[in-house]
There are 2 protein chains.
Amino acid sequence: MARTTGSDGEKTEAAVREAAVSLIARLGYEAMSMRQLAAEVGVQAAALYRYFPTKEDLLFTLMREHMEGLLEAWSAARPANADPVTRLAAYVENHIAFHIERRHATHVSNMELRSLSHERLTQILKMRTAYEKELRMILRDGAEAGVFQVDDTGLTAMALIQMMTGVIVWFRPGARLSIAEVTASYLSMTMRLVGATISHGTARPSGRAAVAL
Amino acid sequence: MARTTGSDGEKTEAAVREAAVSLIARLGYEAMSMRQLAAEVGVQAAALYRYFPTKEDLLFTLMREHMEGLLEAWSAARPANADPVTRLAAYVENHIAFHIERRHATHVSNMELRSLSHERLTQILKMRTAYEKELRMILRDGAEAGVFQVDDTGLTAMALIQMMTGVIVWFRPGARLSIAEVTASYLSMTMRLVGATISHGTARPSGRAAVAL
DNA sequence: GCATTAATAAAACGAACGTTCAATTAATTC
DNA sequence: GAATTAATTGAACGTTCGTTTTATTAATGC
């Protein structure tokens, strides 16, 4: 009825984060109770408060780190000084890969925004806007260069992001389509959607997929 | 401290539905309390139970009627025996119009599925699948007729629906773009995405928008 | 105008919620 | 091996939740 043998703060905190992402994705933030989360980790509810001062702090931490991860992944994948088609292809590939790999966390970050305080909501939205701006810049550069046909940059960016993020709704690993197949399909749909001019082989930055217009 | 002057069951029930859609869209189903809903309607919580036996019954009723409305709207708008381009254009126009008009209800139907019992979830998903199947059939017919270029019918249908439904996330009435402009943009993005062969004027079933490839 | 029905209020129910606190034990430090 | 720190338990706090019950008043039918 106190500290248990083999208990380790770092391991417990990691287990709490992992269980929280999974439970919130499945039940929703409001529907998940701290007792439920604690039971999943194999600990009493009071122990959670050693790592996160409140339930909302836990949610915010998960969201912030997810958004930071997304921005970092794009920073690492972004091709500098490349043509718009190559950059757009890299954006799509990174987005799909990241979201399939972290389906649950994406679900949480997209669906539970209303449970954040105003200040924290603003913080998360700022990161999201920064990420979306990257896509808008690619589309604008492409439109100005005449390689994309885009009515409205902002609208197109939102449509593309909604389309790509939607992959987490229906995609299940090990199902009919492989990740590579899904990525290739989304890539060609994206290129057609923006009316990309065919440019032989430029859109193969990672070697994973070719653009089929 | 009992029946109030001018009270009317039908009006109260309608007010409850309306307030519930708005509150659930804003706060989430779990976060909305029955007392909060009652206060919005101007009534005590106990009065709600005259119209809906449980909170979940209320949610389910809202969702079922929303899905029925969607299917009915498509039934009315669907052009019989038309070419795939015309049918796809009608699908897109109906989808965008319906979802912009009923943003809050769509939000509820899409976000609160996990709060339904298994049986009721199945019931809602059955309706949704039927609606999605209509799009898959259009895409398949178009692909077979050679007027669409589609890798995978199922994947493309999901991508399109996610893209179109996403309009409720960012669109606000009275903002920069009008409904007609948004619809026209989504229509041309859709036609490009499916690689529709240019067919002079066929894609103008409602007269509201022309397809610009 | 009297009986009946419709619509609500007021109060209460037990259960579950997020969170706090004191006590207790394991691991670590010296 | 004693002192200190880290990790956790168990019990409790006040609050809020969905829901039920009973009483009360407005509208309706005859």
# chains A, B, ... in the order shown; residues from 1 in each chain; ligands from 1
$ residues_around --residues "DA26 of chain D" --least-positions-apart "4" --cutoff "12 Å" --atoms "only C-alpha atoms (C1' of nucleotides)" --output "ChimeraX atom specification"
/B:1-8 /C:5-8
$ write_last_selection --atoms "N, CA, C and O atoms (P, O5', C5', C4', C3', O3' and C1' of nucleotides)" --output "PDB file, in the first residue's frame"
ATOM      1  N   MET B   1     -44.424  26.656 -10.119  1.00  0.00           N
ATOM      2  CA  MET B   1     -43.647  25.428  -9.859  1.00  0.00           C
ATOM      3  C   MET B   1     -44.320  24.203 -10.465  1.00  0.00           C
ATOM      4  O   MET B   1     -44.416  23.167  -9.868  1.00  0.00           O
ATOM      5  N   ALA B   2     -44.825  24.399 -11.677  1.00  0.00           N
ATOM      6  CA  ALA B   2     -45.432  23.280 -12.409  1.00  0.00           C
ATOM      7  C   ALA B   2     -45.590  23.728 -13.844  1.00  0.00           C
ATOM      8  O   ALA B   2     -44.766  24.494 -14.323  1.00  0.00           O
ATOM      9  N   ARG B   3     -46.637  23.327 -14.512  1.00  0.00           N
ATOM     10  CA  ARG B   3     -46.806  23.740 -15.901  1.00  0.00           C
ATOM     11  C   ARG B   3     -46.833  25.264 -16.003  1.00  0.00           C
ATOM     12  O   ARG B   3     -47.507  25.936 -15.229  1.00  0.00           O
ATOM     13  N   THR B   4     -46.120  25.786 -16.961  1.00  0.00           N
ATOM     14  CA  THR B   4     -46.027  27.238 -17.111  1.00  0.00           C
ATOM     15  C   THR B   4     -47.000  27.705 -18.186  1.00  0.00           C
ATOM     16  O   THR B   4     -47.338  26.960 -19.098  1.00  0.00           O
ATOM     17  N   THR B   5     -47.418  28.941 -18.069  1.00  0.00           N
ATOM     18  CA  THR B   5     -48.391  29.478 -19.032  1.00  0.00           C
ATOM     19  C   THR B   5     -47.765  29.556 -20.413  1.00  0.00           C
ATOM     20  O   THR B   5     -46.634  30.005 -20.576  1.00  0.00           O
ATOM     21  N   GLY B   6     -48.521  29.103 -21.391  1.00  0.00           N
ATOM     22  CA  GLY B   6     -48.057  29.146 -22.770  1.00  0.00           C
ATOM     23  C   GLY B   6     -47.165  27.993 -23.160  1.00  0.00           C
ATOM     24  O   GLY B   6     -46.661  27.936 -24.279  1.00  0.00           O
ATOM     25  N   SER B   7     -46.937  27.055 -22.237  1.00  0.00           N
ATOM     26  CA  SER B   7     -46.057  25.918 -22.544  1.00  0.00           C
ATOM     27  C   SER B   7     -46.707  25.009 -23.584  1.00  0.00           C
ATOM     28  O   SER B   7     -47.912  24.795 -23.582  1.00  0.00           O
ATOM     29  N   ASP B   8     -45.867  24.497 -24.490  1.00  0.00           N
ATOM     30  CA  ASP B   8     -46.369  23.695 -25.600  1.00  0.00           C
ATOM     31  C   ASP B   8     -45.344  22.607 -25.912  1.00  0.00           C
ATOM     32  O   ASP B   8     -44.179  22.896 -26.200  1.00  0.00           O
TER      33      ASP B   8
ATOM     34  P    DT C   5     -57.684  11.185 -19.097  1.00  0.00           P
ATOM     35  O5'  DT C   5     -56.569  12.065 -19.836  1.00  0.00           O
ATOM     36  C5'  DT C   5     -56.965  12.921 -20.903  1.00  0.00           C
ATOM     37  C4'  DT C   5     -55.969  14.050 -21.032  1.00  0.00           C
ATOM     38  C3'  DT C   5     -54.500  13.595 -21.070  1.00  0.00           C
ATOM     39  O3'  DT C   5     -53.933  14.101 -22.251  1.00  0.00           O
ATOM     40  C1'  DT C   5     -54.798  15.426 -19.613  1.00  0.00           C
ATOM     41  P    DA C   6     -52.454  13.710 -22.719  1.00  0.00           P
ATOM     42  O5'  DA C   6     -51.745  15.122 -22.539  1.00  0.00           O
ATOM     43  C5'  DA C   6     -52.410  16.293 -23.001  1.00  0.00           C
ATOM     44  C4'  DA C   6     -51.503  17.496 -22.789  1.00  0.00           C
ATOM     45  C3'  DA C   6     -50.022  17.246 -23.006  1.00  0.00           C
ATOM     46  O3'  DA C   6     -49.475  18.412 -23.589  1.00  0.00           O
ATOM     47  C1'  DA C   6     -50.375  17.908 -20.752  1.00  0.00           C
ATOM     48  P    DA C   7     -47.912  18.500 -23.926  1.00  0.00           P
ATOM     49  O5'  DA C   7     -47.350  19.260 -22.646  1.00  0.00           O
ATOM     50  C5'  DA C   7     -47.705  20.623 -22.431  1.00  0.00           C
ATOM     51  C4'  DA C   7     -46.954  21.134 -21.219  1.00  0.00           C
ATOM     52  C3'  DA C   7     -45.449  20.890 -21.259  1.00  0.00           C
ATOM     53  O3'  DA C   7     -44.796  22.129 -21.042  1.00  0.00           O
ATOM     54  C1'  DA C   7     -46.355  20.190 -19.187  1.00  0.00           C
ATOM     55  P    DT C   8     -43.213  22.266 -21.288  1.00  0.00           P
ATOM     56  O5'  DT C   8     -42.687  22.225 -19.794  1.00  0.00           O
ATOM     57  C5'  DT C   8     -42.916  23.372 -18.997  1.00  0.00           C
ATOM     58  C4'  DT C   8     -43.053  23.006 -17.548  1.00  0.00           C
ATOM     59  C3'  DT C   8     -41.751  22.835 -16.787  1.00  0.00           C
ATOM     60  O3'  DT C   8     -41.258  24.107 -16.446  1.00  0.00           O
ATOM     61  C1'  DT C   8     -43.578  21.491 -15.948  1.00  0.00           C
TER      62       DT C   8
END
$ residues_around --residues "DC21 of chain C" --least-positions-apart "3" --cutoff "10 Å" --atoms "only C-alpha atoms (C1' of nucleotides)" --output "compact mmCIF listing (two decimals) with all heavy atoms, in the first residue's frame"
# COMPACT_ATOMS: atom_id res chain seq x y z
P DA D 11 -9.02 1.78 2.09
OP1 DA D 11 -9.24 0.72 3.09
OP2 DA D 11 -9.60 1.66 0.72
O5' DA D 11 -9.48 3.18 2.70
C5' DA D 11 -8.58 3.90 3.55
C4' DA D 11 -8.95 5.37 3.55
O4' DA D 11 -8.33 6.04 2.42
C3' DA D 11 -10.45 5.64 3.44
O3' DA D 11 -10.82 6.54 4.46
C2' DA D 11 -10.62 6.24 2.05
C1' DA D 11 -9.27 6.93 1.87
N9 DA D 11 -8.91 7.18 0.46
C8 DA D 11 -9.00 6.30 -0.59
N7 DA D 11 -8.60 6.80 -1.73
C5 DA D 11 -8.23 8.10 -1.41
C6 DA D 11 -7.73 9.15 -2.20
N6 DA D 11 -7.50 9.06 -3.51
N1 DA D 11 -7.45 10.33 -1.57
C2 DA D 11 -7.68 10.42 -0.26
N3 DA D 11 -8.15 9.50 0.59
C4 DA D 11 -8.41 8.34 -0.07
P DA D 12 -12.35 6.77 4.85
OP1 DA D 12 -12.43 6.67 6.32
OP2 DA D 12 -13.21 5.96 3.98
O5' DA D 12 -12.57 8.30 4.45
C5' DA D 12 -11.58 9.25 4.81
C4' DA D 12 -11.62 10.40 3.85
O4' DA D 12 -11.16 9.96 2.55
C3' DA D 12 -13.02 10.98 3.60
O3' DA D 12 -13.16 12.17 4.34
C2' DA D 12 -13.05 11.23 2.08
C1' DA D 12 -11.66 10.89 1.61
N9 DA D 12 -11.59 10.27 0.29
C8 DA D 12 -12.03 9.04 -0.09
N7 DA D 12 -11.82 8.77 -1.36
C5 DA D 12 -11.21 9.90 -1.85
C6 DA D 12 -10.74 10.26 -3.12
N6 DA D 12 -10.83 9.46 -4.19
N1 DA D 12 -10.18 11.48 -3.27
C2 DA D 12 -10.10 12.28 -2.21
N3 DA D 12 -10.50 12.07 -0.95
C4 DA D 12 -11.05 10.85 -0.84
P DC D 13 -14.49 13.00 4.35
OP1 DC D 13 -14.59 13.66 5.65
OP2 DC D 13 -15.56 12.09 3.87
O5' DC D 13 -14.25 14.12 3.23
C5' DC D 13 -13.05 14.88 3.25
C4' DC D 13 -13.09 15.87 2.10
O4' DC D 13 -12.62 15.21 0.90
C3' DC D 13 -14.51 16.34 1.81
O3' DC D 13 -14.67 17.67 2.29
C2' DC D 13 -14.65 16.27 0.29
C1' DC D 13 -13.38 15.63 -0.21
N1 DC D 13 -13.64 14.43 -1.05
C2 DC D 13 -13.25 14.45 -2.39
O2 DC D 13 -12.69 15.46 -2.84
N3 DC D 13 -13.49 13.36 -3.16
C4 DC D 13 -14.10 12.29 -2.64
N4 DC D 13 -14.31 11.24 -3.43
C5 DC D 13 -14.50 12.26 -1.27
C6 DC D 13 -14.25 13.35 -0.53
$ interface_residues --of "chain B" --to "chain A" --cutoff "8 Å" --atoms "only C-alpha atoms" --output "ChimeraX atom specification"
/B:26-28,30-31,111,114-115,151-152,158-164,166-167,170,185,189-195
$ atom_distance --atom1 "atom CA of Lys55 of chain A" --atom2 "atom CA of Leu70 of chain A"
23.2 Å
$ residues_around --residues "DG10 of chain D" --least-positions-apart "3" --cutoff "12 Å" --atoms "only C-alpha atoms (C1' of nucleotides)" --output "ChimeraX atom specification"
/A:1-2,44-47 /C:21-24
$ atom_distance --atom1 "atom CA of Leu139 of chain A" --atom2 "atom CA of Pro84 of chain A"
7.3 Å
$ closest_atom_pairs --of "chain C" --to "chain A" --cutoff "10 Å" --atoms "only C-alpha atoms (C1' of nucleotides)" --output "tab-separated table"
residue	atom	partner	partner_atom	distance
C:DA16	C1'	A:Ser33	CA	9.2
C:DC17	C1'	A:Ser33	CA	7.6
C:DG18	C1'	A:Met34	CA	7.6
C:DT19	C1'	A:Ala46	CA	8.1
C:DT20	C1'	A:Ala46	CA	8.7
C:DA23	C1'	A:Ala2	CA	8.3
C:DT24	C1'	A:Ala2	CA	5.0
C:DT25	C1'	A:Arg3	CA	5.1
C:DA26	C1'	A:Arg3	CA	5.7
C:DA27	C1'	A:Gly6	CA	8.8
$ interface_residues --of "chain D" --to "chain A" --cutoff "7 Å" --atoms "only C-alpha atoms (C1' of nucleotides)" --output "list in words"
DA7, DT8 and DT9 of chain D
$ write_last_selection --atoms "all heavy atoms" --output "PDB file, in the first residue's frame"
ATOM      1  P    DA D   7      10.535   8.603  -9.027  1.00  0.00           P
ATOM      2  OP1  DA D   7      11.022   7.883 -10.213  1.00  0.00           O
ATOM      3  OP2  DA D   7      10.016   9.976  -9.124  1.00  0.00           O
ATOM      4  O5'  DA D   7       9.422   7.698  -8.318  1.00  0.00           O
ATOM      5  C5'  DA D   7       9.666   6.320  -8.125  1.00  0.00           C
ATOM      6  C4'  DA D   7       8.439   5.673  -7.517  1.00  0.00           C
ATOM      7  O4'  DA D   7       8.255   6.162  -6.178  1.00  0.00           O
ATOM      8  C3'  DA D   7       7.127   5.962  -8.261  1.00  0.00           C
ATOM      9  O3'  DA D   7       6.562   4.718  -8.644  1.00  0.00           O
ATOM     10  C2'  DA D   7       6.275   6.720  -7.249  1.00  0.00           C
ATOM     11  C1'  DA D   7       6.879   6.310  -5.922  1.00  0.00           C
ATOM     12  N9   DA D   7       6.759   7.297  -4.838  1.00  0.00           N
ATOM     13  C8   DA D   7       6.990   8.648  -4.907  1.00  0.00           C
ATOM     14  N7   DA D   7       6.816   9.276  -3.762  1.00  0.00           N
ATOM     15  C5   DA D   7       6.430   8.275  -2.882  1.00  0.00           C
ATOM     16  C6   DA D   7       6.101   8.290  -1.515  1.00  0.00           C
ATOM     17  N6   DA D   7       6.097   9.391  -0.761  1.00  0.00           N
ATOM     18  N1   DA D   7       5.770   7.110  -0.938  1.00  0.00           N
ATOM     19  C2   DA D   7       5.770   6.004  -1.692  1.00  0.00           C
ATOM     20  N3   DA D   7       6.062   5.866  -2.998  1.00  0.00           N
ATOM     21  C4   DA D   7       6.393   7.053  -3.529  1.00  0.00           C
ATOM     22  P    DT D   8       5.248   4.705  -9.577  1.00  0.00           P
ATOM     23  OP1  DT D   8       5.344   3.493 -10.407  1.00  0.00           O
ATOM     24  OP2  DT D   8       5.038   6.034 -10.181  1.00  0.00           O
ATOM     25  O5'  DT D   8       4.113   4.471  -8.482  1.00  0.00           O
ATOM     26  C5'  DT D   8       4.190   3.306  -7.663  1.00  0.00           C
ATOM     27  C4'  DT D   8       3.347   3.459  -6.433  1.00  0.00           C
ATOM     28  O4'  DT D   8       3.718   4.628  -5.670  1.00  0.00           O
ATOM     29  C3'  DT D   8       1.855   3.642  -6.656  1.00  0.00           C
ATOM     30  O3'  DT D   8       1.223   2.369  -6.640  1.00  0.00           O
ATOM     31  C2'  DT D   8       1.403   4.502  -5.462  1.00  0.00           C
ATOM     32  C1'  DT D   8       2.698   4.785  -4.722  1.00  0.00           C
ATOM     33  N1   DT D   8       2.758   6.173  -4.164  1.00  0.00           N
ATOM     34  C2   DT D   8       2.506   6.343  -2.821  1.00  0.00           C
ATOM     35  O2   DT D   8       2.231   5.423  -2.066  1.00  0.00           O
ATOM     36  N3   DT D   8       2.582   7.643  -2.383  1.00  0.00           N
ATOM     37  C4   DT D   8       2.882   8.753  -3.146  1.00  0.00           C
ATOM     38  O4   DT D   8       2.932   9.866  -2.634  1.00  0.00           O
ATOM     39  C5   DT D   8       3.123   8.508  -4.542  1.00  0.00           C
ATOM     40  C7   DT D   8       3.455   9.660  -5.468  1.00  0.00           C
ATOM     41  C6   DT D   8       3.056   7.239  -4.981  1.00  0.00           C
ATOM     42  P    DT D   9      -0.352   2.306  -6.839  1.00  0.00           P
ATOM     43  OP1  DT D   9      -0.625   1.016  -7.475  1.00  0.00           O
ATOM     44  OP2  DT D   9      -0.852   3.559  -7.420  1.00  0.00           O
ATOM     45  O5'  DT D   9      -0.836   2.249  -5.320  1.00  0.00           O
ATOM     46  C5'  DT D   9      -0.279   1.277  -4.433  1.00  0.00           C
ATOM     47  C4'  DT D   9      -0.830   1.498  -3.033  1.00  0.00           C
ATOM     48  O4'  DT D   9      -0.449   2.813  -2.570  1.00  0.00           O
ATOM     49  C3'  DT D   9      -2.359   1.428  -2.957  1.00  0.00           C
ATOM     50  O3'  DT D   9      -2.713   0.494  -1.961  1.00  0.00           O
ATOM     51  C2'  DT D   9      -2.795   2.868  -2.623  1.00  0.00           C
ATOM     52  C1'  DT D   9      -1.549   3.463  -1.976  1.00  0.00           C
ATOM     53  N1   DT D   9      -1.355   4.929  -2.199  1.00  0.00           N
ATOM     54  C2   DT D   9      -1.335   5.778  -1.122  1.00  0.00           C
ATOM     55  O2   DT D   9      -1.492   5.403   0.026  1.00  0.00           O
ATOM     56  N3   DT D   9      -1.123   7.105  -1.441  1.00  0.00           N
ATOM     57  C4   DT D   9      -0.931   7.642  -2.698  1.00  0.00           C
ATOM     58  O4   DT D   9      -0.749   8.842  -2.849  1.00  0.00           O
ATOM     59  C5   DT D   9      -0.970   6.691  -3.784  1.00  0.00           C
ATOM     60  C7   DT D   9      -0.768   7.183  -5.194  1.00  0.00           C
ATOM     61  C6   DT D   9      -1.178   5.404  -3.488  1.00  0.00           C
TER      62       DT D   9
END
$ select_by_dssp --residues "segment 22-79 of chain A" --states "alpha helix (DSSP H)" --output "count of residues only"
41
$ decode --residues "chain C" --atoms "N, CA and C atoms (P, O5', C5', C4', C3', O3' and C1' of nucleotides)" --output "compact mmCIF listing (two decimals), in the first residue's frame"
# COMPACT_ATOMS: atom_id res chain seq x y z
P DG C 1 -69.24 28.86 -14.15
O5' DG C 1 -68.75 27.48 -13.56
C5' DG C 1 -69.59 26.62 -12.81
C4' DG C 1 -69.00 25.23 -12.94
C3' DG C 1 -67.63 25.08 -12.27
O3' DG C 1 -67.50 23.73 -11.85
C1' DG C 1 -67.42 24.57 -14.51
P DC C 2 -67.65 23.29 -10.33
O5' DC C 2 -67.68 21.70 -10.47
C5' DC C 2 -68.45 21.10 -11.52
C4' DC C 2 -67.66 20.05 -12.28
C3' DC C 2 -66.46 19.47 -11.52
O3' DC C 2 -66.53 18.06 -11.63
C1' DC C 2 -65.79 20.17 -13.67
P DA C 3 -65.49 17.13 -10.79
O5' DA C 3 -64.78 16.32 -11.97
C5' DA C 3 -65.60 15.65 -12.94
C4' DA C 3 -64.74 15.18 -14.09
C3' DA C 3 -63.52 14.35 -13.68
O3' DA C 3 -63.40 13.24 -14.57
C1' DA C 3 -62.82 16.27 -14.90
P DT C 4 -62.25 12.15 -14.37
O5' DT C 4 -61.22 12.57 -15.52
C5' DT C 4 -61.71 12.78 -16.85
C4' DT C 4 -60.61 13.37 -17.71
C3' DT C 4 -59.25 12.67 -17.57
O3' DT C 4 -58.83 12.28 -18.87
C1' DT C 4 -59.00 15.02 -17.44
P DT C 5 -57.68 11.19 -19.10
O5' DT C 5 -56.57 12.07 -19.84
C5' DT C 5 -56.96 12.92 -20.90
C4' DT C 5 -55.97 14.05 -21.03
C3' DT C 5 -54.50 13.59 -21.07
O3' DT C 5 -53.93 14.10 -22.25
C1' DT C 5 -54.80 15.43 -19.61
P DA C 6 -52.45 13.71 -22.72
O5' DA C 6 -51.75 15.12 -22.54
C5' DA C 6 -52.41 16.29 -23.00
C4' DA C 6 -51.50 17.50 -22.79
C3' DA C 6 -50.02 17.25 -23.01
O3' DA C 6 -49.48 18.41 -23.59
C1' DA C 6 -50.37 17.91 -20.75
P DA C 7 -47.91 18.50 -23.93
O5' DA C 7 -47.35 19.26 -22.65
C5' DA C 7 -47.70 20.62 -22.43
C4' DA C 7 -46.95 21.13 -21.22
C3' DA C 7 -45.45 20.89 -21.26
O3' DA C 7 -44.80 22.13 -21.04
C1' DA C 7 -46.35 20.19 -19.19
P DT C 8 -43.21 22.27 -21.29
O5' DT C 8 -42.69 22.23 -19.79
C5' DT C 8 -42.92 23.37 -19.00
C4' DT C 8 -43.05 23.01 -17.55
C3' DT C 8 -41.75 22.83 -16.79
O3' DT C 8 -41.26 24.11 -16.45
C1' DT C 8 -43.58 21.49 -15.95
P DA C 9 -39.85 24.26 -15.75
O5' DA C 9 -40.22 24.09 -14.21
C5' DA C 9 -41.22 24.91 -13.63
C4' DA C 9 -41.38 24.58 -12.15
C3' DA C 9 -40.08 24.64 -11.36
O3' DA C 9 -40.36 25.25 -10.10
C1' DA C 9 -40.99 22.45 -11.24
P DA C 10 -39.18 25.86 -9.25
O5' DA C 10 -38.97 24.77 -8.11
C5' DA C 10 -40.12 24.26 -7.44
C4' DA C 10 -39.73 23.06 -6.61
C3' DA C 10 -38.31 23.12 -6.03
O3' DA C 10 -38.42 22.91 -4.63
C1' DA C 10 -38.67 21.05 -7.13
P DA C 11 -37.09 23.03 -3.69
O5' DA C 11 -36.83 21.51 -3.29
C5' DA C 11 -37.95 20.65 -3.12
C4' DA C 11 -37.52 19.20 -3.17
C3' DA C 11 -36.14 18.94 -2.54
O3' DA C 11 -36.26 17.91 -1.59
C1' DA C 11 -36.29 17.92 -4.66
P DA C 12 -35.09 17.64 -0.50
O5' DA C 12 -34.61 16.18 -0.92
C5' DA C 12 -35.61 15.21 -1.23
C4' DA C 12 -35.06 14.20 -2.18
C3' DA C 12 -33.70 13.62 -1.77
O3' DA C 12 -33.88 12.31 -1.26
C1' DA C 12 -33.89 14.02 -4.13
P DC C 13 -32.65 11.48 -0.68
O5' DC C 13 -32.19 10.58 -1.90
C5' DC C 13 -33.18 9.81 -2.60
C4' DC C 13 -32.50 9.01 -3.70
C3' DC C 13 -31.08 8.60 -3.34
O3' DC C 13 -31.09 7.28 -2.85
C1' DC C 13 -31.21 9.57 -5.56
P DG C 14 -29.83 6.75 -1.98
O5' DG C 14 -28.85 6.15 -3.10
C5' DG C 14 -29.36 5.29 -4.11
C4' DG C 14 -28.40 5.29 -5.28
C3' DG C 14 -26.96 4.89 -4.91
O3' DG C 14 -26.46 4.08 -5.95
C1' DG C 14 -26.94 7.01 -5.92
P DA C 15 -25.07 3.29 -5.77
O5' DA C 15 -24.27 3.73 -7.07
C5' DA C 15 -25.00 4.09 -8.23
C4' DA C 15 -24.13 4.95 -9.12
C3' DA C 15 -22.64 4.62 -9.04
O3' DA C 15 -22.13 4.51 -10.34
C1' DA C 15 -22.99 6.94 -8.66
P DA C 16 -20.67 3.92 -10.60
O5' DA C 16 -19.87 5.17 -11.15
C5' DA C 16 -20.42 5.96 -12.20
C4' DA C 16 -19.73 7.29 -12.23
C3' DA C 16 -18.19 7.17 -12.16
O3' DA C 16 -17.64 7.73 -13.35
C1' DA C 16 -19.04 8.81 -10.64
P DC C 17 -16.11 7.72 -13.64
O5' DC C 17 -15.68 9.24 -13.39
C5' DC C 17 -16.42 10.27 -14.04
C4' DC C 17 -16.12 11.60 -13.38
C3' DC C 17 -14.65 11.81 -13.06
O3' DC C 17 -14.01 12.33 -14.21
C1' DC C 17 -16.08 12.57 -11.27
P DG C 18 -12.41 12.16 -14.30
O5' DG C 18 -11.89 13.41 -13.48
C5' DG C 18 -12.26 14.71 -13.89
C4' DG C 18 -11.77 15.73 -12.89
C3' DG C 18 -10.25 15.75 -12.69
O3' DG C 18 -9.83 17.10 -12.52
C1' DG C 18 -11.30 15.19 -10.65
P DT C 19 -8.26 17.44 -12.36
O5' DT C 19 -8.07 17.30 -10.78
C5' DT C 19 -8.85 18.13 -9.94
C4' DT C 19 -8.62 17.78 -8.48
C3' DT C 19 -7.14 17.73 -8.06
O3' DT C 19 -6.89 18.85 -7.22
C1' DT C 19 -8.45 15.99 -7.07
P DT C 20 -5.45 19.12 -6.63
O5' DT C 20 -5.61 18.55 -5.16
C5' DT C 20 -6.74 18.93 -4.39
C4' DT C 20 -6.65 18.31 -3.01
C3' DT C 20 -5.25 18.37 -2.38
O3' DT C 20 -5.40 18.86 -1.04
C1' DT C 20 -6.06 16.14 -2.36
P DC C 21 -4.11 19.33 -0.18
O5' DC C 21 -4.02 18.15 0.89
C5' DC C 21 -5.22 17.56 1.38
C4' DC C 21 -4.90 16.35 2.25
C3' DC C 21 -3.48 16.37 2.84
O3' DC C 21 -3.56 16.04 4.22
C1' DC C 21 -3.84 14.35 1.67
P DA C 22 -2.28 16.40 5.15
O5' DA C 22 -2.10 15.00 5.90
C5' DA C 22 -3.27 14.25 6.24
C4' DA C 22 -2.93 12.77 6.29
C3' DA C 22 -1.62 12.45 7.01
O3' DA C 22 -1.83 11.38 7.92
C1' DA C 22 -1.60 11.50 4.85
P DA C 23 -0.62 10.90 8.84
O5' DA C 23 -0.35 9.44 8.23
C5' DA C 23 -1.46 8.61 7.93
C4' DA C 23 -0.98 7.41 7.13
C3' DA C 23 0.25 6.72 7.70
O3' DA C 23 0.03 5.32 7.70
C1' DA C 23 0.59 7.26 5.41
P DT C 24 1.14 4.35 8.35
O5' DT C 24 1.86 3.77 7.04
C5' DT C 24 1.06 3.19 6.00
C4' DT C 24 1.97 2.76 4.87
C3' DT C 24 3.28 2.10 5.33
O3' DT C 24 3.46 0.89 4.63
C1' DT C 24 3.73 3.77 3.74
P DT C 25 4.34 -0.28 5.29
O5' DT C 25 5.34 -0.62 4.09
C5' DT C 25 4.80 -0.86 2.80
C4' DT C 25 5.77 -0.36 1.76
C3' DT C 25 7.19 -0.94 1.88
O3' DT C 25 7.47 -1.66 0.70
C1' DT C 25 7.22 1.38 1.41
P DA C 26 8.76 -2.56 0.53
O5' DA C 26 9.52 -1.82 -0.65
C5' DA C 26 8.87 -1.71 -1.91
C4' DA C 26 9.69 -0.82 -2.83
C3' DA C 26 11.12 -1.29 -3.04
O3' DA C 26 11.41 -1.18 -4.42
C1' DA C 26 11.13 0.92 -2.15
P DA C 27 12.77 -1.71 -5.01
O5' DA C 27 13.66 -0.39 -5.02
C5' DA C 27 13.38 0.62 -5.98
C4' DA C 27 14.20 1.85 -5.68
C3' DA C 27 15.71 1.67 -5.85
O3' DA C 27 16.13 2.58 -6.85
C1' DA C 27 15.19 2.79 -3.81
P DT C 28 17.63 2.59 -7.36
O5' DT C 28 18.27 3.75 -6.47
C5' DT C 28 17.68 5.05 -6.49
C4' DT C 28 18.32 5.92 -5.43
C3' DT C 28 19.85 5.98 -5.50
O3' DT C 28 20.20 7.34 -5.72
C1' DT C 28 19.08 5.71 -3.27
P DT C 29 21.72 7.73 -6.06
O5' DT C 29 22.18 8.39 -4.68
C5' DT C 29 21.30 9.32 -4.03
C4' DT C 29 21.86 9.67 -2.67
C3' DT C 29 23.38 9.83 -2.62
O3' DT C 29 23.69 11.04 -1.95
C1' DT C 29 22.66 8.34 -0.93
P DC C 30 25.19 11.67 -2.02
O5' DC C 30 25.78 11.31 -0.58
C5' DC C 30 25.10 11.77 0.59
C4' DC C 30 25.65 11.06 1.81
C3' DC C 30 27.18 11.03 1.90
O3' DC C 30 27.60 11.50 3.17
C1' DC C 30 26.29 8.87 2.26
